[in-house]
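Comments concern the structure below.
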Amino acid sequence: VAFAPGWWGGDALEPLSSLVLRGHVAWIVLPLTLMAVPIIAREVGRKAKATSSTPLWRRIPVQAHLIHLGLLLLLVGHVFTTTLVDRGDPIHRVTMLQDEAVVVDGLSYTFTDLQLVPEEDLRVGDGGIFATIEVHDSDRHIGTVEPGMVRFDASGFPRSEVDVLRRWSGDVVFIFDYSQADTLMPQTLNEGTDGVDAVRITVYRLPQSHLVWLGWGLMLLGMAALGLRQVGPTAPSSSAA
């Protein structure tokens, strides 16, 4: 463990303290959790297929195992998307020049356009600015995202607008970097978007992020099944002779 903290990828080599890296925490949690997932999944399948006169939704072991399975999947997804991703690391801030591809961790990002959005086209705010970014995996186009900022004239503080590219391997989150708001927003208001040839975007790749939602969904399903069992019809008791 001590000699391979970066094995899990992501920001595993980033320190949590002077002695502990993020990869060390992953080594503590993930091996046992990953071994437990197929065991619990097998138990869920075995209980679900078991022949019984009791309806499936009234079998407590199935529901309990389903909740446990969801909890394990949620924990695995949480480690990959939170523990192994250092949200404060500046390495995730990507400066993109207009119409020039930037390759980071195998994905190519190309900033193509910057648009000013008036107040009437927004749900909240007094105006906004949004960047259009094309995302490619090698030569394959996999999506277009539009992160941006919305300004609030009363408070004077803009708000970053997040866009998410969803993939089977996990989500990629794009956040318009808040630190450039003080200069970019006044510049676009005075000069338009023609003078802007670069933007800075914070990009987080969250591998296995779907496990968080899958695990949460299984937990809700299991708890709902337990609730239905409580309100289900009960068998009438035999009357005394």
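Each chain of the structure tokens is named A, B, ... in the order shown, its residues numbered from 1; ligands are numbered from 1 in display order.
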Show me, as a tab-separated table, the residues of range 91-119 of chain A having an atom within 7 Å of range 195-202 of chain A, each with the closest atom pair and its distance in Å, using only C-alpha atoms.
```
residue	atom	partner	partner_atom	distance
A:His92	CA	A:Thr202	CA	5.5
A:Arg93	CA	A:Thr202	CA	4.3
A:Val94	CA	A:Ile201	CA	5.3
A:Thr95	CA	A:Arg200	CA	4.3
A:Met96	CA	A:Ala198	CA	5.4
A:Leu97	CA	A:Ala198	CA	4.3
A:Gln98	CA	A:Asp197	CA	5.1
```
Since we have the selection now, will you write its residues out, keeping N, CA and C atoms, as a PDB file, in the first residue's frame?
```pdb
ATOM      1  N   HIS A  92      -6.564  21.272 -12.235  1.00  0.00           N
ATOM      2  CA  HIS A  92      -7.859  21.097 -12.891  1.00  0.00           C
ATOM      3  C   HIS A  92      -8.315  22.357 -13.628  1.00  0.00           C
ATOM      4  N   ARG A  93      -7.602  23.457 -13.473  1.00  0.00           N
ATOM      5  CA  ARG A  93      -7.948  24.687 -14.188  1.00  0.00           C
ATOM      6  C   ARG A  93      -7.255  24.677 -15.544  1.00  0.00           C
ATOM      7  N   VAL A  94      -8.046  24.687 -16.592  1.00  0.00           N
ATOM      8  CA  VAL A  94      -7.519  24.557 -17.949  1.00  0.00           C
ATOM      9  C   VAL A  94      -7.742  25.868 -18.697  1.00  0.00           C
ATOM     10  N   THR A  95      -6.655  26.466 -19.183  1.00  0.00           N
ATOM     11  CA  THR A  95      -6.750  27.666 -20.011  1.00  0.00           C
ATOM     12  C   THR A  95      -6.905  27.245 -21.467  1.00  0.00           C
ATOM     13  N   MET A  96      -7.966  27.731 -22.108  1.00  0.00           N
ATOM     14  CA  MET A  96      -8.281  27.323 -23.476  1.00  0.00           C
ATOM     15  C   MET A  96      -8.237  28.532 -24.394  1.00  0.00           C
ATOM     16  N   LEU A  97      -7.360  28.479 -25.390  1.00  0.00           N
ATOM     17  CA  LEU A  97      -7.322  29.496 -26.430  1.00  0.00           C
ATOM     18  C   LEU A  97      -8.376  29.177 -27.484  1.00  0.00           C
ATOM     19  N   GLN A  98      -8.964  30.205 -28.046  1.00  0.00           N
ATOM     20  CA  GLN A  98     -10.059  29.994 -28.987  1.00  0.00           C
ATOM     21  C   GLN A  98      -9.598  29.210 -30.211  1.00  0.00           C
TER      22      GLN A  98
END
```
Per residue of range 29-148 of chain A within 9 Å of range 9-20 of chain A, record the nearest atom pair and its distance in Å to one decimal, counting only C-alpha atoms, with rows in chain order and ascending residue number, as JSON lines.
```
{"residue": "A:Phe80", "atom": "CA", "partner": "A:Gly10", "partner_atom": "CA", "distance": 7.9}
{"residue": "A:Thr81", "atom": "CA", "partner": "A:Gly10", "partner_atom": "CA", "distance": 8.8}
{"residue": "A:Thr83", "atom": "CA", "partner": "A:Ala12", "partner_atom": "CA", "distance": 8.0}
{"residue": "A:Leu84", "atom": "CA", "partner": "A:Asp11", "partner_atom": "CA", "distance": 5.1}
{"residue": "A:Val85", "atom": "CA", "partner": "A:Asp11", "partner_atom": "CA", "distance": 5.2}
{"residue": "A:Asp86", "atom": "CA", "partner": "A:Asp11", "partner_atom": "CA", "distance": 6.0}
{"residue": "A:Asp89", "atom": "CA", "partner": "A:Glu14", "partner_atom": "CA", "distance": 8.6}
```
Residue subset to file, keeping C-alpha atoms, as an mmCIF file, in the first residue's frame:
```cif
data_model
loop_
_atom_site.group_PDB
_atom_site.id
_atom_site.type_symbol
_atom_site.label_atom_id
_atom_site.label_comp_id
_atom_site.auth_asym_id
_atom_site.auth_seq_id
_atom_site.Cartn_x
_atom_site.Cartn_y
_atom_site.Cartn_z
ATOM 1 C CA PHE A 80 -13.479 7.669 -6.814
ATOM 2 C CA THR A 81 -15.294 11.000 -7.215
ATOM 3 C CA THR A 83 -11.393 11.161 -2.179
ATOM 4 C CA LEU A 84 -9.404 10.664 -5.387
ATOM 5 C CA VAL A 85 -10.282 14.107 -6.825
ATOM 6 C CA ASP A 86 -8.623 17.116 -5.213
ATOM 7 C CA ASP A 89 -5.748 21.490 -7.057
#
```
With distances taken over only C-alpha atoms, the candidate from A:Leu34, A:Ile91, A:Val150, A:Ala26 nearest Gly125 in chain A is A:Val150
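With only C-alpha atoms as the atoms that count, the minimum distance from Gly128 in chain A to the choices A:Ile142, A:Leu214, A:Leu114, A:Met149 is reached by A:Met149.
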**Message:** List as JSON, numbers by chain the protein and nucleic acid residues near Val44 in chain A, meaning an atom at most 6 Å away when only C-alpha atoms are counted, but skip any in the same chain fewer than 3 places from it.
**Reply:** {"A": [41, 47, 62, 65]}
Export, as a JSON list (two decimals), in the first residue's frame, the selected residues with N, CA and C atoms.
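The resulting result_26.json:
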```json
[["chain", "number", "residue", "atom", "x", "y", "z"],
["A", 41, "ALA", "N", -24.22, -8.80, -4.07],
["A", 41, "ALA", "CA", -25.02, -8.91, -5.29],
["A", 41, "ALA", "C", -25.48, -10.35, -5.51],
["A", 47, "LYS", "N", -31.57, -14.66, -3.05],
["A", 47, "LYS", "CA", -32.81, -14.48, -2.29],
["A", 47, "LYS", "C", -33.98, -14.16, -3.21],
["A", 62, "VAL", "N", -34.16, -9.87, 1.19],
["A", 62, "VAL", "CA", -33.90, -9.27, -0.12],
["A", 62, "VAL", "C", -33.78, -7.76, 0.00],
["A", 65, "HIS", "N", -30.53, -6.77, 1.90],
["A", 65, "HIS", "CA", -29.34, -6.94, 1.06],
["A", 65, "HIS", "C", -29.29, -5.89, -0.04]]
```
So that I can check the secondary structure, give me every residue of chain A assigned strand (DSSP E or B) by backbone DSSP, as a short mmCIF file (atom, residue, chain, number, x, y, z; two decimals) with N, CA and C atoms, in the first residue's frame.
```cif
data_model
loop_
_atom_site.label_atom_id
_atom_site.label_comp_id
_atom_site.auth_asym_id
_atom_site.auth_seq_id
_atom_site.Cartn_x
_atom_site.Cartn_y
_atom_site.Cartn_z
N PRO A 15 -1.62 14.97 -1.23
CA PRO A 15 -1.64 14.70 0.22
C PRO A 15 -2.93 15.18 0.88
N LEU A 21 -1.65 10.19 1.93
CA LEU A 21 -2.06 10.61 0.60
C LEU A 21 -3.49 10.16 0.34
N ARG A 93 -7.60 23.46 -13.47
CA ARG A 93 -7.95 24.69 -14.19
C ARG A 93 -7.25 24.68 -15.54
N VAL A 94 -8.05 24.69 -16.59
CA VAL A 94 -7.52 24.56 -17.95
C VAL A 94 -7.74 25.87 -18.70
N THR A 95 -6.66 26.47 -19.18
CA THR A 95 -6.75 27.67 -20.01
C THR A 95 -6.90 27.24 -21.47
N MET A 96 -7.97 27.73 -22.11
CA MET A 96 -8.28 27.32 -23.48
C MET A 96 -8.24 28.53 -24.39
N LEU A 97 -7.36 28.48 -25.39
CA LEU A 97 -7.32 29.50 -26.43
C LEU A 97 -8.38 29.18 -27.48
N GLN A 98 -8.96 30.20 -28.05
CA GLN A 98 -10.06 29.99 -28.99
C GLN A 98 -9.60 29.21 -30.21
N ALA A 101 -7.16 23.22 -29.69
CA ALA A 101 -7.47 22.08 -28.84
C ALA A 101 -6.45 21.96 -27.71
N VAL A 102 -6.96 21.65 -26.53
CA VAL A 102 -6.13 21.39 -25.36
C VAL A 102 -6.42 19.96 -24.91
N VAL A 103 -5.40 19.14 -24.83
CA VAL A 103 -5.58 17.73 -24.46
C VAL A 103 -5.18 17.55 -23.01
N VAL A 104 -6.11 17.02 -22.22
CA VAL A 104 -5.87 16.76 -20.81
C VAL A 104 -6.42 15.37 -20.49
N LEU A 107 -8.61 13.52 -23.15
CA LEU A 107 -9.74 14.22 -23.75
C LEU A 107 -9.27 15.56 -24.31
N SER A 108 -9.84 15.94 -25.45
CA SER A 108 -9.47 17.19 -26.12
C SER A 108 -10.59 18.21 -25.96
N TYR A 109 -10.22 19.42 -25.51
CA TYR A 109 -11.19 20.49 -25.29
C TYR A 109 -10.85 21.66 -26.22
N THR A 110 -11.87 22.13 -26.96
CA THR A 110 -11.67 23.25 -27.88
C THR A 110 -12.70 24.33 -27.59
N PHE A 111 -12.23 25.48 -27.16
CA PHE A 111 -13.09 26.64 -26.93
C PHE A 111 -13.38 27.29 -28.28
N THR A 112 -14.67 27.33 -28.66
CA THR A 112 -15.02 27.80 -30.01
C THR A 112 -15.77 29.12 -30.03
N ASP A 113 -16.50 29.45 -28.95
CA ASP A 113 -17.33 30.64 -29.02
C ASP A 113 -17.64 31.15 -27.62
N LEU A 114 -17.93 32.45 -27.54
CA LEU A 114 -18.32 33.08 -26.28
C LEU A 114 -19.57 33.90 -26.57
N GLN A 115 -20.62 33.68 -25.80
CA GLN A 115 -21.90 34.33 -26.07
C GLN A 115 -22.37 35.12 -24.85
N LEU A 116 -22.86 36.34 -25.12
CA LEU A 116 -23.53 37.13 -24.09
C LEU A 116 -25.01 36.81 -24.11
N VAL A 117 -25.56 36.52 -22.95
CA VAL A 117 -26.97 36.16 -22.84
C VAL A 117 -27.70 37.26 -22.07
N GLY A 128 -25.63 37.21 -18.62
CA GLY A 128 -24.65 36.14 -18.46
C GLY A 128 -23.73 36.02 -19.65
N ILE A 129 -22.68 35.25 -19.45
CA ILE A 129 -21.73 34.97 -20.51
C ILE A 129 -21.42 33.48 -20.47
N PHE A 130 -21.48 32.83 -21.64
CA PHE A 130 -21.32 31.39 -21.71
C PHE A 130 -20.32 31.03 -22.80
N ALA A 131 -19.44 30.09 -22.47
CA ALA A 131 -18.44 29.60 -23.42
C ALA A 131 -18.92 28.29 -24.03
N THR A 132 -18.68 28.12 -25.31
CA THR A 132 -18.99 26.87 -26.00
C THR A 132 -17.70 26.07 -26.17
N ILE A 133 -17.72 24.84 -25.68
CA ILE A 133 -16.53 24.00 -25.70
C ILE A 133 -16.88 22.66 -26.33
N GLU A 134 -16.12 22.30 -27.37
CA GLU A 134 -16.29 21.01 -28.02
C GLU A 134 -15.33 20.00 -27.37
N VAL A 135 -15.85 18.82 -27.09
CA VAL A 135 -15.05 17.80 -26.41
C VAL A 135 -14.89 16.60 -27.34
N HIS A 136 -13.64 16.15 -27.50
CA HIS A 136 -13.34 15.00 -28.36
C HIS A 136 -12.54 13.97 -27.58
N ASP A 137 -12.79 12.72 -27.89
CA ASP A 137 -11.98 11.61 -27.41
C ASP A 137 -11.25 11.04 -28.61
N ARG A 140 -13.00 11.34 -32.08
CA ARG A 140 -14.45 11.18 -31.94
C ARG A 140 -15.04 12.31 -31.10
N HIS A 141 -16.02 13.01 -31.68
CA HIS A 141 -16.69 14.08 -30.95
C HIS A 141 -17.68 13.45 -29.96
N ILE A 142 -17.54 13.79 -28.69
CA ILE A 142 -18.38 13.16 -27.67
C ILE A 142 -19.34 14.13 -27.00
N GLY A 143 -19.25 15.42 -27.33
CA GLY A 143 -20.22 16.32 -26.73
C GLY A 143 -19.81 17.78 -26.80
N THR A 144 -20.79 18.63 -26.52
CA THR A 144 -20.58 20.08 -26.45
C THR A 144 -21.12 20.58 -25.11
N VAL A 145 -20.33 21.37 -24.42
CA VAL A 145 -20.75 21.91 -23.13
C VAL A 145 -20.69 23.43 -23.18
N GLY A 148 -20.63 28.78 -17.89
CA GLY A 148 -20.65 30.23 -17.99
C GLY A 148 -20.75 30.91 -16.64
N MET A 149 -21.05 32.20 -16.70
CA MET A 149 -21.23 33.01 -15.50
C MET A 149 -22.49 33.86 -15.66
N VAL A 150 -23.19 34.05 -14.56
CA VAL A 150 -24.36 34.93 -14.53
C VAL A 150 -24.06 36.06 -13.56
N ARG A 159 -22.11 34.51 -10.56
CA ARG A 159 -22.24 33.11 -10.17
C ARG A 159 -21.82 32.22 -11.33
N SER A 160 -20.97 31.26 -11.03
CA SER A 160 -20.54 30.32 -12.06
C SER A 160 -21.66 29.34 -12.39
N GLU A 161 -21.84 29.08 -13.68
CA GLU A 161 -22.83 28.12 -14.14
C GLU A 161 -22.10 26.86 -14.60
N VAL A 162 -22.52 25.73 -14.09
CA VAL A 162 -21.84 24.46 -14.32
C VAL A 162 -22.52 23.71 -15.46
N ASP A 163 -21.72 23.03 -16.28
CA ASP A 163 -22.27 22.12 -17.28
C ASP A 163 -21.58 20.77 -17.10
N VAL A 164 -22.30 19.71 -17.43
CA VAL A 164 -21.80 18.35 -17.18
C VAL A 164 -21.89 17.54 -18.46
N LEU A 165 -20.81 16.87 -18.79
CA LEU A 165 -20.78 15.91 -19.90
C LEU A 165 -20.86 14.52 -19.29
N GLY A 170 -18.10 7.85 -16.45
CA GLY A 170 -18.21 8.84 -15.39
C GLY A 170 -18.41 10.23 -15.95
N ASP A 171 -18.87 11.14 -15.12
CA ASP A 171 -19.17 12.50 -15.56
C ASP A 171 -17.90 13.35 -15.66
N VAL A 172 -17.96 14.33 -16.56
CA VAL A 172 -16.92 15.36 -16.66
C VAL A 172 -17.61 16.69 -16.38
N VAL A 173 -17.18 17.38 -15.34
CA VAL A 173 -17.83 18.61 -14.89
C VAL A 173 -17.01 19.82 -15.34
N PHE A 174 -17.70 20.81 -15.91
CA PHE A 174 -17.06 22.03 -16.40
C PHE A 174 -17.60 23.22 -15.61
N ILE A 175 -16.69 24.01 -15.03
CA ILE A 175 -17.08 25.18 -14.24
C ILE A 175 -16.31 26.39 -14.77
N PHE A 176 -17.04 27.43 -15.13
CA PHE A 176 -16.40 28.67 -15.56
C PHE A 176 -15.64 29.24 -14.37
N ALA A 198 -9.49 33.73 -25.05
CA ALA A 198 -9.12 32.64 -24.15
C ALA A 198 -10.03 32.67 -22.93
N VAL A 199 -10.32 31.50 -22.41
CA VAL A 199 -11.09 31.38 -21.17
C VAL A 199 -10.40 30.35 -20.28
N ARG A 200 -10.71 30.42 -19.01
CA ARG A 200 -10.16 29.46 -18.06
C ARG A 200 -11.32 28.67 -17.46
N ILE A 201 -11.28 27.37 -17.64
CA ILE A 201 -12.35 26.49 -17.20
C ILE A 201 -11.80 25.48 -16.21
N THR A 202 -12.53 25.27 -15.13
CA THR A 202 -12.17 24.20 -14.19
C THR A 202 -12.86 22.91 -14.64
N VAL A 203 -12.06 21.88 -14.86
CA VAL A 203 -12.57 20.61 -15.39
C VAL A 203 -12.29 19.51 -14.38
N TYR A 204 -13.35 18.84 -13.95
CA TYR A 204 -13.21 17.70 -13.05
C TYR A 204 -13.70 16.44 -13.76
N ARG A 205 -12.83 15.46 -13.86
CA ARG A 205 -13.25 14.15 -14.36
C ARG A 205 -13.57 13.28 -13.16
N LEU A 206 -14.80 12.78 -13.12
CA LEU A 206 -15.29 12.01 -11.97
C LEU A 206 -15.56 10.58 -12.39
N PRO A 207 -14.54 9.73 -12.38
CA PRO A 207 -14.75 8.33 -12.79
C PRO A 207 -15.68 7.60 -11.83
#
```
**Item:** Straight-line distance linking CA of Gly227 in chain A with CA of Leu66 in chain A, stated in Å to one decimal
**Value:**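 Separation of CA of Gly227 in chain A and CA of Leu66 in chain A: 13.8 Å.
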Atom pair CA of Glu146 in chain A + CA of Leu184 in chain A, distance 16.1 Å
Open item on the list: Quick check for you: according to DSSP on this backbone, which residues of chain A are classed as helix (DSSP H, G or I)? Reply as a PyMOL selection string.
Closed with: chain A and resi 5-8+22-49+56-58+60-83+90-92+119-121+178-191+209-231
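Counting only C-alpha atoms and comparing A:Ser155, A:Ser169, A:Ser138, A:Gln63, the residue that lies closest to Leu211 in chain A is A:Ser169.
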For each of A:Pro118, A:Pro158, A:Pro147, A:Gly70, take the minimum atom-to-atom distance to Trp216 in chain A, counting only C-alpha atoms, then give the residue where this is smallest.
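For Trp216 in chain A, the nearest of the candidates is A:Gly70.
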